[in-house]
Amino acid sequence: MNPHDLQLRDITRRHFFGKCALGVGALALQQLLAESGWAAPGGPVIDPMHPLAPRPPQFAPKAKRVIYLFMAGGPSQLDLFDYKPKLLEFQGQAPPPSLMAGKRFAFLKGNEKLLASPRKFEAYGQCGMTISEVLPYHRQIVDEVCWLRGLSTDVFNHAPAKLFMNTGFQAPGRPAMGAWTTYGLGSQSRDLPGFVVLQSGPRGPRGGSALWSSGFLPTSYQGVPFRGKGDPILYLHSPEGQTRERERDFYDTVGALNHTRLDDTGDPEIMTRINSYEMAFRMQTSAPELMDLSQEKPETLELYGVKPGESSFAANCLLARRLAERGVRFVQLYHTNWDSHGGPGENLNGDFEKVCKEVDQASAALVLDLKQRGLLEDTLVIWGGEFGRTPMGENRASIGRDHHVDAFTLWLAGGGVKPGLIYGQTDELGFGVVENKVHVHDLHATILHLLGFDHEKLTYRFQGRDFRLTDVHGQVVKEIFA
Amino acid sequence: MLRPPALLSSLCISALLALTIGASAAVPDKPGYNHDIRPILSDKCFYCHGPDEKKREAKLRLDVRDNALAEHDSGHAIVPGKPEESELLKRILSHDKDDVMPPPKAKKPPLTADEIATLRRWIEQGAVYEGHWAFLPLNSAPPPKVKNRAWVRNPIDQYILARLESEGIQPSPEADRPTLIRRLYLDLLGLLPSPEEVAAFVADPAPNAYEKLVDRTLANFHYGERWGRHWLDQARYADSNGYSIDSARAMWPYRDWVIKALNDDMPFDQFTIEQLGGDLLPHPTKSQLIATAFHRNTMINEEGGTKPEQFRVESAIDRVNTTGSVWLGLTVGCAQCHSHKFDPISQREFYQFLAFFNQGEDVNAKGATIQVAKGEVFGHPVKPTTAEIQSIKFPKKTPTQEQWERKELARLEALPPDKAPTELLLSLKIVDSTRDEGQKKLVNEAYAKAYPKAAKTGKKVDVNADVVDLMIMQDLDKPRPNYLLIRGDYTRPDEKGGPLQPGVLSAVSAAFHEAPREYRNRLDLARWLVDPQNPLTPRVTMNRVWMRYFGRGIVETEEDFGTQGTEPTHPELLDWLAREFIHQGWSLKKMHRLIVTSATYRQSSNAHPDLAEKDPRNLLLARQERVRVEAEIVRDAALSASGMLDGTIGGPSVHPPQPDGVYSFTQTGKVWKADTDGNRFRRGLYAQFYRSAPYPLLTTFDEPNFSNACTRRARSNTPLQALNVANDPAFLEMAEGLAQRVQREVPGEDTDARLRYAFLLCFSRDPSPKELSILRGYAAKGNDLAALARVLFNTDNFITRE
């Protein structure tokens, strides 16, 4: 904690301990701190004994929670969303040198040729978004979604690019968007962590735990990975054979000893520890209850394409909705592997179709299900990867595409964005953005705005500097607000 | 300076006293530049009128007196003695939105009435500037006089007590002996004392019983592990390469070097020189080469398609930032993309500093290595120094799997093709990291068959072999041209600006009477860092040592001694410690002894009501602080209480039990086969550390992933910590071990005696009647000793140093 937090901790602790004759409530305390200039400049006022207690943002939010479907590896926008008939015309030719000048790629050697998508595209819905044949279920949500076709990023290797997409910085060590969100807003769930991470696909995302790290923010805001198998949270289950009743005895005994020590030492940190243990006890019931999909109706399972007992992206999407219903602030799903270079397991043919199939139905189902339950209006759904893929083919075992940072597609739904809006236009070959470019920093600024924060004012002082998700960049893209 | 903020004085003084320490408020009679003025200017003005020439507006800088007094387009910003004529005040008071400062676009709140009055008074009194305290030479004033001389044990106490007396606060009584020994063991060794140690100390009638205990503890070799871990945090030590692939690497000989150097009490100046420039010493010893692995703890990106140059530059920059934060306590990294906005570090200086680290021949790869054998760093087997410490074991020589594989491959290749096992031969030909699961299994099984004992220890990865290649520093013969990188981008060298020669920070050199003119390499840099004239290195180092003992540094922002950091609560004490450190020949152990034998350290940590009003944050140290122990120590404490600790020192990293599924979130799966021998119960600092997925306990208790230097860990308090200690089978195993120990050491059926003994093992004291009755109640419900041990491990007290 930085000194400011420590000071706040002391003040609020004294307050909650009733050692202050004032007798004002939590809200009054917040006001008191704000008036005195002690509310962190740009930071929220946090009750250190309940660091995840819900708190209001800086202005009225459009979105109260986020579900981020992270397509790890970099889906090919040219084979999914960004239809480029011109590529067919120039198929097999070298790209125009003017477009290649000064560009850097991860694997291309310089002799690669333009590659048209073999997929069929068609325009759907009132908005007329073109979607390729490999995402049939996406047709159902085409008018619910706000399509950003002009995304751009700075980084072309997976781990740094994923870090950049999550934390606004390409090296590990900064807080993830989910951590900033729970730092700013706390969580509405008393019984579950505020920031939950789920994973599906053949392997974990490159970048590992740094992708959902709280960085220099307190660990309370770190993403908690829920696993698909075994205990959803590490060490969730009591020792074998321990009944719930006996476990309550255990927690009560620990609590009684802690209270005794609190009386003897007067250290308020012990009270925080007592609260942590109580939440741990509640999580033992709430987490398995969350994971138990048998409570869902068969038609819901069918909508998502969930097969009971099987961990999958579909099951994770359904869990994301259940987490959102339970007040969890930020849910992030990682799905691998979109890294279609053309190597074994990564070709643009069958392998690509497979990963599309894994996510298509459930992605659409999540949007439809949230809508039908009235949750979509204040839940922001984000779908996208860390970068896009090149208009040139890459020659490996089969033809694939390399990483591309200058232009790719990402979509948003719900949470105050305009449904059925197509925003951003790339050039005829899909190299760059010619209209309405949205840089990663802009996306971050926009997401924070939807959550009720001025991205320049949600800050945390660390090592002498006020840090923020958008570093010193970021423009809110107001054009996409509903 | 216990002053209530004027704004709120009408609300509730008692509620707000908490706010006042460290906060500037009211208007001082004689505002000082460092204490009163710079914080205002730094916060509100320096961004546009400070050290960064790129952001500077109207060519005005307020951080330099000559410039602030000079005539600018709109007049003189400051006219000493004449606030009415000073443009600075006029602008701050202006109501015209085009004139007012800070301007609306800066999005800074306007200055408060108090701040304005403070500036006015300072200008009236002549606008005297002072250098930033941290850059000034060490103050050599003698320790202050105090009234209560009987309380003072050494000069540290004079500084602490003088301040307390001036505030009318009494120090706390000395903690009782059980608390003292547990505190000392946790602080110096990170382990719990045995009941015998506790009993001996409690009963020792000698007047210097405590000092004798301190000396014994400092001589214990676990000291090097405990304080070595603090250093390894700063060295961003890890057992893997980082980023996405994150393969295992063998850095453990460096870890062992640190432990050895600290146990030997290597003087800190030499400790610095060997790590930063050991390879550049004339005829370096092997140990000095191993020391340079300090800066090889940078990450390597093994992902396909990476540009090696990009990550080489990243590493070089990390070496600059790490050096800046570890020795100088400065956020040098800010100057990577632009001149520092608050501290006098220009972008050019950053790249001059980078020149020291820009010559490495390692380019996002292993680079120079040196072969080191297990135990070699220690030279000879280390004997335990107290009865309670278990034996040190140095495993016997057997060929490592890597060695065996080389031999076996040669043997099989020599066989006629039809006689050689094709699959095994093929698998051996592929390097370990690229074998598939089946191939790995085949090779491992063959090794296990040949050397069942060696294989059983689970050390199959070559990085854990008995002889490994340690990455060390080595510079190119022909130096690379070193350019400033525009916006910090490695593809944009400022060739027009010309190559930059190595150079140190002028703001720090300003404190030197005499500084060398030329700096050629890392060795020169290291010598500059530990030059007794350098005021930052001893201040920063002593501040961090202090922080480990009191939960907070004298400068709370231990990572930032620049102008944006907090001011020292006891500046004279910090300078005294820094001078004493140099005076004592840079001996860390002597400084530890000094601190832990002070009356200040020996105080009780219990809160008392008086303090809650006067100094709720305990900045003045009228008591000790209760501090939650670090991640590794949570486990080490349980290991020592249960008597299961394997005290082996050093060697390859180990694999304590870990649940399945830890790697379901990493790109590449890792093999983690829990050790079944003594390695299962080694100290936490030896646990194999993968940056992408560290041992869960460590992350849960705030250990960072060591992508960068960590100078101070967070101390969070979360439900995941509760679940970890309550349900991790490793802790249940230790609870079972504690139960067995109690049964073994307290024979008979006396439940109370057993409860007391279990309690003693965990807390080094007897339970209070209330605590005992709680434990009896739990036992009476049919809970056995292991269940009881589980309760004890989960108390706040267990993981807290009181």
# chains A, B, ... in the order shown; residues from 1 in each chain; ligands from 1
>>> residues_around(residues="A:Met279", least_positions_apart="6", cutoff="8 Å", atoms="only C-alpha atoms", output="ChimeraX atom specification")
/A:190-191 /B:719
>>> write_last_selection(atoms="N, CA and C atoms", output="mmCIF file, in the first residue's frame")
data_model
loop_
_atom_site.group_PDB
_atom_site.id
_atom_site.type_symbol
_atom_site.label_atom_id
_atom_site.label_comp_id
_atom_site.auth_asym_id
_atom_site.auth_seq_id
_atom_site.Cartn_x
_atom_site.Cartn_y
_atom_site.Cartn_z
ATOM 1 N N ARG A 190 -20.606 -10.320 -2.096
ATOM 2 C CA ARG A 190 -19.968 -10.493 -0.775
ATOM 3 C C ARG A 190 -19.266 -11.837 -0.687
ATOM 4 N N ASP A 191 -19.681 -12.744 -1.553
ATOM 5 C CA ASP A 191 -19.272 -14.132 -1.367
ATOM 6 C C ASP A 191 -18.324 -14.646 -2.428
ATOM 7 N N PRO B 719 -9.311 -13.377 1.617
ATOM 8 C CA PRO B 719 -9.916 -14.694 1.872
ATOM 9 C C PRO B 719 -9.112 -15.827 1.241
#
>>> select_by_dssp(residues="stretch 535-660 of chain B", states="alpha helix (DSSP H)", output="PyMOL selection string")
chain B and resi 536-550+571-583+588-596+609-614+631-642
>>> closest_residue(among="B:Thr322, B:Lys429, B:Val791, B:Asn263", to="B:Glu413", atoms="only C-alpha atoms")
B:Lys429
>>> residues_around(residues="B:Lys145", least_positions_apart="2", cutoff="12 Å", atoms="only C-alpha atoms", output="list in words")
Ala141, Pro142, Pro143, Lys147, Asn148, Arg149, Val152, Pro155, Ile156, Asp157, Gln158, Tyr159, Ile160, Leu161, Ala162, Arg163, Glu165 and Ser166 of chain B
>>> residues_around(residues="A:Gln425", least_positions_apart="2", cutoff="6 Å", atoms="only C-alpha atoms", output="JSON, numbers by chain")
{"A": [150, 433, 434, 435]}
>>> write_last_selection(atoms="C-alpha atoms", output="tab-separated table (two decimals), in the first residue's frame")
chain	number	residue	atom	x	y	z
A	150	GLY	CA	-10.48	-0.15	-36.70
A	433	VAL	CA	-7.35	1.93	-40.64
A	434	VAL	CA	-8.57	4.71	-42.89
A	435	GLU	CA	-11.47	5.88	-40.75
